Structures are given as C-alpha cells and as structure tokens.
Amino acid sequence: MIFGIRAVIEAVQAGKEIDKILIRRDLQGELSRELFQRVRTTAIPLQRVPKEKLDRLTRKNHQGVIAFISAVAYQKLEDLVPFLYEEGKTPLIVLLDGVTDVRNFGAIARTCECAGADALVIPAHNSVSVNADAVKTSAGALLTLPVCKEAGITGAIRFLKDCGYKVYAATEKAVTEYTQADFTVPAALVMGGEDSGVSTDNLRLCDEMIHIPMAGNIASLNVSAAAAVLLYEAIRQRSGVKIK
C-alpha cells in the first residue's frame, strides 16, 4: 500500500502499477482535486469509502487516501499479441469477465501456466487484482504468466477477433459442447464471474459459446475447475490425442 495524498499523486505520475485507490468519502482540498485530475487520465479504479475503512487498513496518517500497488507489472494486450505471433506460436489466451474471487483467480492462473496458456486478461473494473493472496494461491504462476489489465473485456474481445483469434465463451447456456470447439487455431477463452457468468453483451460478441456437460444435479462447475477442463481440452487437441 501507498498512503498519503502527495505520495499517491507521485505514484500515479511515475506510472506505478496501481490496482485501485481508496479515497475518504468527504475528502476535499486542493491536493485532493489534483489527485482526481491525475487519476481521471488513467484507468485506475477509484472508490469513495468511509474513514473507518481506511483506518482499518493502516494506523498511520493516510490523509484519507490509500493506493494498492500491483504485485506484478501488467502487460498491454496490443503489445503482447504481435509478439506471440512473431514467436511463431498458436496463441491461447484466457479472459476473465467479472471474476472477483481471489482464490479462483489464483487457481485459474496456476492452470494457465501449467497448460501453457500465453496470457491472462482481466478488466480494470469489477475484477480481482494481482495481490499477495492471488500470487500465493497461484503457487507463483502470476509472477511468470503475462497478465494484461485492459479497460474492459469487450474491447479485448474485439481486438483479439480483429487479430484473427477464435473467441469462445464458456457458458451453461451454450448448445455446443467444449470438445467440438477448435483450439488448434489462435484461440481465446472467456470465463465468466462466479455468480453472473459471462455478460450478455460479451456472449453476443464471442464467435461461439461452449459448455461442459453436467451429469449430476449441480448445473455448473466452479469457474476455476471449468477453466481447467477447457484448457486441458486445448492441450489434448494441440497434441493430436484422439478421444476413443
């Protein structure tokens, strides 16, 4: 954490990887206005909170402002995609649409790294961030796996489609089973949040919707378990193994 108005302003100016900034709900003054102006030109989420919440985070003089610094340096999707093509890869990228549980995030990152996925994409708002708990849950995978933090998942999907990716949305609403998807081409997989799944707008935007058949009474898998199933189907297809 970084706390204090001037310290946070300097962190924003320096281009530090800031996940979010908490500001006391009634904060006013010239320095706070300067902070608002600086943040307005970035994609950093800013939240108004009661003073009590800030006091619970630190006993030091926070001056009504606390910023959370990311544990990793985020990459830009627009820079990563051409690099992957230049390396001669058939890229596989996972996008998280509204995933907020840190343990699920860490577990997905760990599977991505083990399965050889090339990157994990998260939105700047309404999403988990790469913090210490996420890194621990990922068994350190988040320290090696490229993570792209984009303004929104919708824009990321459009960009990947324009770059020749086949974009699949994982949802129980789909008719197509996941084994019918073609993961041998440059592909992106959109996984939805724990409660609401992939948003309706993003479902419409994806090339195809796929689902994992359920034989029990529960309608769907945990998002991290579902991601593991789909990623290892991609491995199976890319290794040429056939299901008998």
# chains A, B, ... in the order shown; residues from 1 in each chain; ligands from 1
call {"tool": "select_by_dssp", "arguments": {"residues": "region 132-235 of chain A", "states": "strand (DSSP E or B)", "output": "PyMOL selection string"}}
result
chain A and resi 147-150+166-170+176-177+187-193+197+208-211
call {"tool": "write_last_selection", "arguments": {"atoms": "N, CA and C atoms", "output": "short mmCIF file (atom, residue, chain, number, x, y, z; two decimals), in the first residue's frame"}}
result
data_model
loop_
_atom_site.label_atom_id
_atom_site.label_comp_id
_atom_site.auth_asym_id
_atom_site.auth_seq_id
_atom_site.Cartn_x
_atom_site.Cartn_y
_atom_site.Cartn_z
N VAL A 147 0.06 -11.07 -17.51
CA VAL A 147 -1.29 -10.63 -17.15
C VAL A 147 -1.53 -9.27 -17.79
N CYS A 148 -2.61 -9.17 -18.56
CA CYS A 148 -2.97 -7.91 -19.21
C CYS A 148 -4.18 -7.32 -18.50
N LYS A 149 -4.07 -6.09 -18.10
CA LYS A 149 -5.20 -5.40 -17.46
C LYS A 149 -5.73 -4.38 -18.45
N GLU A 150 -6.91 -4.68 -19.00
CA GLU A 150 -7.48 -3.85 -20.05
C GLU A 150 -8.64 -3.00 -19.51
N LYS A 166 -10.04 -17.00 -32.64
CA LYS A 166 -11.38 -17.54 -32.46
C LYS A 166 -11.69 -17.40 -30.96
N VAL A 167 -12.73 -16.64 -30.65
CA VAL A 167 -13.04 -16.35 -29.26
C VAL A 167 -14.24 -17.17 -28.80
N TYR A 168 -14.03 -17.99 -27.77
CA TYR A 168 -15.07 -18.84 -27.21
C TYR A 168 -15.51 -18.32 -25.84
N ALA A 169 -16.81 -18.36 -25.59
CA ALA A 169 -17.35 -18.02 -24.27
C ALA A 169 -17.82 -19.29 -23.59
N ALA A 170 -17.39 -19.51 -22.37
CA ALA A 170 -17.82 -20.68 -21.61
C ALA A 170 -19.10 -20.34 -20.85
N THR A 176 -23.30 -26.00 -27.98
CA THR A 176 -22.10 -26.70 -28.43
C THR A 176 -21.28 -27.19 -27.24
N GLU A 177 -20.88 -28.46 -27.26
CA GLU A 177 -20.02 -29.00 -26.21
C GLU A 177 -18.57 -28.56 -26.45
N ALA A 187 -6.63 -18.97 -30.30
CA ALA A 187 -7.92 -19.02 -29.60
C ALA A 187 -7.88 -18.22 -28.30
N ALA A 188 -9.04 -17.72 -27.94
CA ALA A 188 -9.23 -17.03 -26.66
C ALA A 188 -10.46 -17.61 -25.99
N LEU A 189 -10.36 -17.75 -24.69
CA LEU A 189 -11.42 -18.36 -23.90
C LEU A 189 -11.90 -17.37 -22.86
N VAL A 190 -13.20 -17.04 -22.89
CA VAL A 190 -13.77 -16.08 -21.95
C VAL A 190 -14.50 -16.84 -20.84
N MET A 191 -14.04 -16.65 -19.60
CA MET A 191 -14.66 -17.28 -18.43
C MET A 191 -15.40 -16.21 -17.64
N GLY A 192 -16.62 -16.53 -17.20
CA GLY A 192 -17.44 -15.54 -16.52
C GLY A 192 -17.29 -15.54 -15.01
N GLY A 193 -17.88 -14.52 -14.38
CA GLY A 193 -17.83 -14.38 -12.94
C GLY A 193 -18.57 -15.49 -12.22
N GLY A 197 -21.71 -15.19 -14.54
CA GLY A 197 -21.17 -15.74 -15.77
C GLY A 197 -20.72 -14.65 -16.73
N GLU A 208 -18.29 -18.06 -30.59
CA GLU A 208 -19.08 -19.25 -30.29
C GLU A 208 -19.18 -19.44 -28.77
N MET A 209 -20.30 -20.02 -28.34
CA MET A 209 -20.48 -20.36 -26.93
C MET A 209 -20.32 -21.86 -26.76
N ILE A 210 -19.62 -22.28 -25.72
CA ILE A 210 -19.41 -23.71 -25.46
C ILE A 210 -19.75 -24.04 -24.02
N HIS A 211 -20.10 -25.31 -23.77
CA HIS A 211 -20.42 -25.70 -22.40
C HIS A 211 -19.79 -27.06 -22.09
#
call {"tool": "closest_residue", "arguments": {"among": "A:Ala43, A:Val130, A:Val121, A:Leu92", "to": "Gly164 (chain A)", "atoms": "only C-alpha atoms"}}
result
A:Leu92
call {"tool": "residues_around", "arguments": {"residues": "Phe68 (chain A)", "least_positions_apart": "5", "cutoff": "9 Å", "atoms": "only C-alpha atoms", "output": "list in words"}}
result
Met1, Ile2, Phe3, Glu17, Ile18, Asp19, Lys20, Ile21, Leu22 and Asn131 of chain A
call {"tool": "residues_around", "arguments": {"residues": "region 100-102 of chain A", "least_positions_apart": "5", "cutoff": "8 Å", "atoms": "only C-alpha atoms", "output": "number ranges by chain"}}
result
A: 126-129, 133-134, 137, 193-194
call {"tool": "closest_residue", "arguments": {"among": "A:Ala226, A:Ala124, A:Ile212, A:Ile23", "to": "Gly152 (chain A)", "atoms": "only C-alpha atoms"}}
result
A:Ala124
call {"tool": "residues_around", "arguments": {"residues": "region 39-42 of chain A", "least_positions_apart": "4", "cutoff": "10 Å", "atoms": "only C-alpha atoms", "output": "PyMOL selection string"}}
result
chain A and resi 8-9+12-13+15+21+33-35+46+151
call {"tool": "write_last_selection", "arguments": {"atoms": "N, CA and C atoms", "output": "PDB file, in the first residue's frame"}}
result
ATOM      1  N   VAL A   8       0.576   9.334  -3.160  1.00  0.00           N
ATOM      2  CA  VAL A   8      -0.228   8.654  -4.175  1.00  0.00           C
ATOM      3  C   VAL A   8      -0.181   9.427  -5.492  1.00  0.00           C
ATOM      4  N   ILE A   9      -0.224  10.752  -5.433  1.00  0.00           N
ATOM      5  CA  ILE A   9      -0.109  11.570  -6.649  1.00  0.00           C
ATOM      6  C   ILE A   9       1.209  11.261  -7.360  1.00  0.00           C
ATOM      7  N   VAL A  12       1.098   7.904  -9.101  1.00  0.00           N
ATOM      8  CA  VAL A  12       0.336   7.968 -10.352  1.00  0.00           C
ATOM      9  C   VAL A  12       1.178   8.630 -11.437  1.00  0.00           C
ATOM     10  N   GLN A  13       1.842   9.734 -11.087  1.00  0.00           N
ATOM     11  CA  GLN A  13       2.690  10.451 -12.039  1.00  0.00           C
ATOM     12  C   GLN A  13       3.831   9.557 -12.543  1.00  0.00           C
ATOM     13  N   GLY A  15       3.785   6.461 -13.004  1.00  0.00           N
ATOM     14  CA  GLY A  15       3.313   5.325 -13.788  1.00  0.00           C
ATOM     15  C   GLY A  15       3.345   4.003 -13.053  1.00  0.00           C
ATOM     16  N   ILE A  21      -7.478   2.883  -5.951  1.00  0.00           N
ATOM     17  CA  ILE A  21      -7.236   3.924  -4.952  1.00  0.00           C
ATOM     18  C   ILE A  21      -8.498   4.102  -4.128  1.00  0.00           C
ATOM     19  N   ARG A  33      -8.100  17.556  -5.216  1.00  0.00           N
ATOM     20  CA  ARG A  33      -8.538  17.901  -6.577  1.00  0.00           C
ATOM     21  C   ARG A  33      -7.450  17.558  -7.596  1.00  0.00           C
ATOM     22  N   GLU A  34      -6.196  17.793  -7.211  1.00  0.00           N
ATOM     23  CA  GLU A  34      -5.084  17.435  -8.090  1.00  0.00           C
ATOM     24  C   GLU A  34      -5.035  15.928  -8.305  1.00  0.00           C
ATOM     25  N   LEU A  35      -5.276  15.171  -7.231  1.00  0.00           N
ATOM     26  CA  LEU A  35      -5.287  13.710  -7.342  1.00  0.00           C
ATOM     27  C   LEU A  35      -6.387  13.253  -8.297  1.00  0.00           C
ATOM     28  N   LEU A  46     -11.167   4.126  -8.815  1.00  0.00           N
ATOM     29  CA  LEU A  46     -11.148   4.994  -7.637  1.00  0.00           C
ATOM     30  C   LEU A  46     -12.445   4.793  -6.860  1.00  0.00           C
ATOM     31  N   ALA A 151      -8.989  -1.956 -20.246  1.00  0.00           N
ATOM     32  CA  ALA A 151     -10.090  -1.088 -19.816  1.00  0.00           C
ATOM     33  C   ALA A 151     -11.382  -1.879 -19.672  1.00  0.00           C
TER      34      ALA A 151
END
call {"tool": "closest_residue", "arguments": {"among": "A:Pro45, A:Gly98, A:Gly29, A:Gly155", "to": "Glu78 (chain A)", "atoms": "only C-alpha atoms"}}
result
A:Gly155
call {"tool": "atom_distance", "arguments": {"atom1": "CA of Lys60 (chain A)", "atom2": "CA of Ala73 (chain A)"}}
result
26.7 Å
call {"tool": "closest_residue", "arguments": {"among": "A:Asn61, A:Gln237, A:Ser224, A:Gln75", "to": "Cys112 (chain A)", "atoms": "only C-alpha atoms"}}
result
A:Ser224
call {"tool": "closest_atom_pairs", "arguments": {"of": "region 208-231 of chain A", "to": "region 105-108 of chain A", "cutoff": "9 Å", "atoms": "only C-alpha atoms", "output": "CSV"}}
result
residue,atom,partner,partner_atom,distance
A:Val223,CA,A:Ile108,CA,8.1
A:Ser224,CA,A:Ile108,CA,5.1
A:Ala225,CA,A:Ile108,CA,8.0
A:Ala227,CA,A:Ile108,CA,6.5
A:Ala228,CA,A:Ile108,CA,7.2
call {"tool": "closest_residue", "arguments": {"among": "A:Ala132, A:Leu142, A:Met214, A:Ala174", "to": "Ile69 (chain A)", "atoms": "only C-alpha atoms"}}
result
A:Ala132
call {"tool": "closest_residue", "arguments": {"among": "A:Gly240, A:Pro213, A:Pro82, A:Pro146", "to": "Val94 (chain A)", "atoms": "only C-alpha atoms"}}
result
A:Pro146
call {"tool": "select_by_dssp", "arguments": {"residues": "region 2-225 of chain A", "states": "alpha helix (DSSP H)", "output": "MDAnalysis selection string"}}
result
chainID A and resid 5:13 30:40 51:57 77:86 102:115 132:137 153:162 200:205 223:225
call {"tool": "decode", "arguments": {"residues": "region 159-174 of chain A", "atoms": "N, CA and C atoms", "output": "compact mmCIF listing (two decimals), in the first residue's frame"}}
result
# COMPACT_ATOMS: atom_id res chain seq x y z
N PHE A 159 -10.60 -6.74 -30.06
CA PHE A 159 -9.21 -6.67 -30.52
C PHE A 159 -8.70 -8.04 -30.93
N LEU A 160 -8.96 -9.06 -30.12
CA LEU A 160 -8.49 -10.41 -30.44
C LEU A 160 -9.15 -10.95 -31.70
N LYS A 161 -10.43 -10.67 -31.87
CA LYS A 161 -11.11 -11.11 -33.10
C LYS A 161 -10.49 -10.44 -34.32
N ASP A 162 -10.19 -9.16 -34.20
CA ASP A 162 -9.56 -8.44 -35.30
C ASP A 162 -8.17 -8.99 -35.62
N CYS A 163 -7.54 -9.61 -34.62
CA CYS A 163 -6.20 -10.17 -34.79
C CYS A 163 -6.23 -11.63 -35.24
N GLY A 164 -7.42 -12.15 -35.56
CA GLY A 164 -7.51 -13.50 -36.09
C GLY A 164 -7.76 -14.60 -35.07
N TYR A 165 -8.10 -14.24 -33.85
CA TYR A 165 -8.39 -15.24 -32.82
C TYR A 165 -9.83 -15.74 -32.95
N LYS A 166 -10.04 -17.00 -32.64
CA LYS A 166 -11.38 -17.54 -32.46
C LYS A 166 -11.69 -17.40 -30.96
N VAL A 167 -12.73 -16.64 -30.65
CA VAL A 167 -13.04 -16.35 -29.26
C VAL A 167 -14.24 -17.17 -28.80
N TYR A 168 -14.03 -17.99 -27.77
CA TYR A 168 -15.07 -18.84 -27.21
C TYR A 168 -15.51 -18.32 -25.84
N ALA A 169 -16.81 -18.36 -25.59
CA ALA A 169 -17.35 -18.02 -24.27
C ALA A 169 -17.82 -19.29 -23.59
N ALA A 170 -17.39 -19.51 -22.37
CA ALA A 170 -17.82 -20.68 -21.61
C ALA A 170 -19.10 -20.34 -20.85
N THR A 171 -20.18 -21.05 -21.16
CA THR A 171 -21.46 -20.78 -20.51
C THR A 171 -22.36 -22.00 -20.56
N GLU A 172 -23.11 -22.22 -19.49
CA GLU A 172 -24.06 -23.35 -19.47
C GLU A 172 -25.22 -23.12 -20.43
N LYS A 173 -25.34 -21.90 -20.97
CA LYS A 173 -26.41 -21.59 -21.93
C LYS A 173 -26.10 -22.12 -23.33
N ALA A 174 -24.86 -22.55 -23.54
CA ALA A 174 -24.44 -22.96 -24.89
C ALA A 174 -25.04 -24.30 -25.29
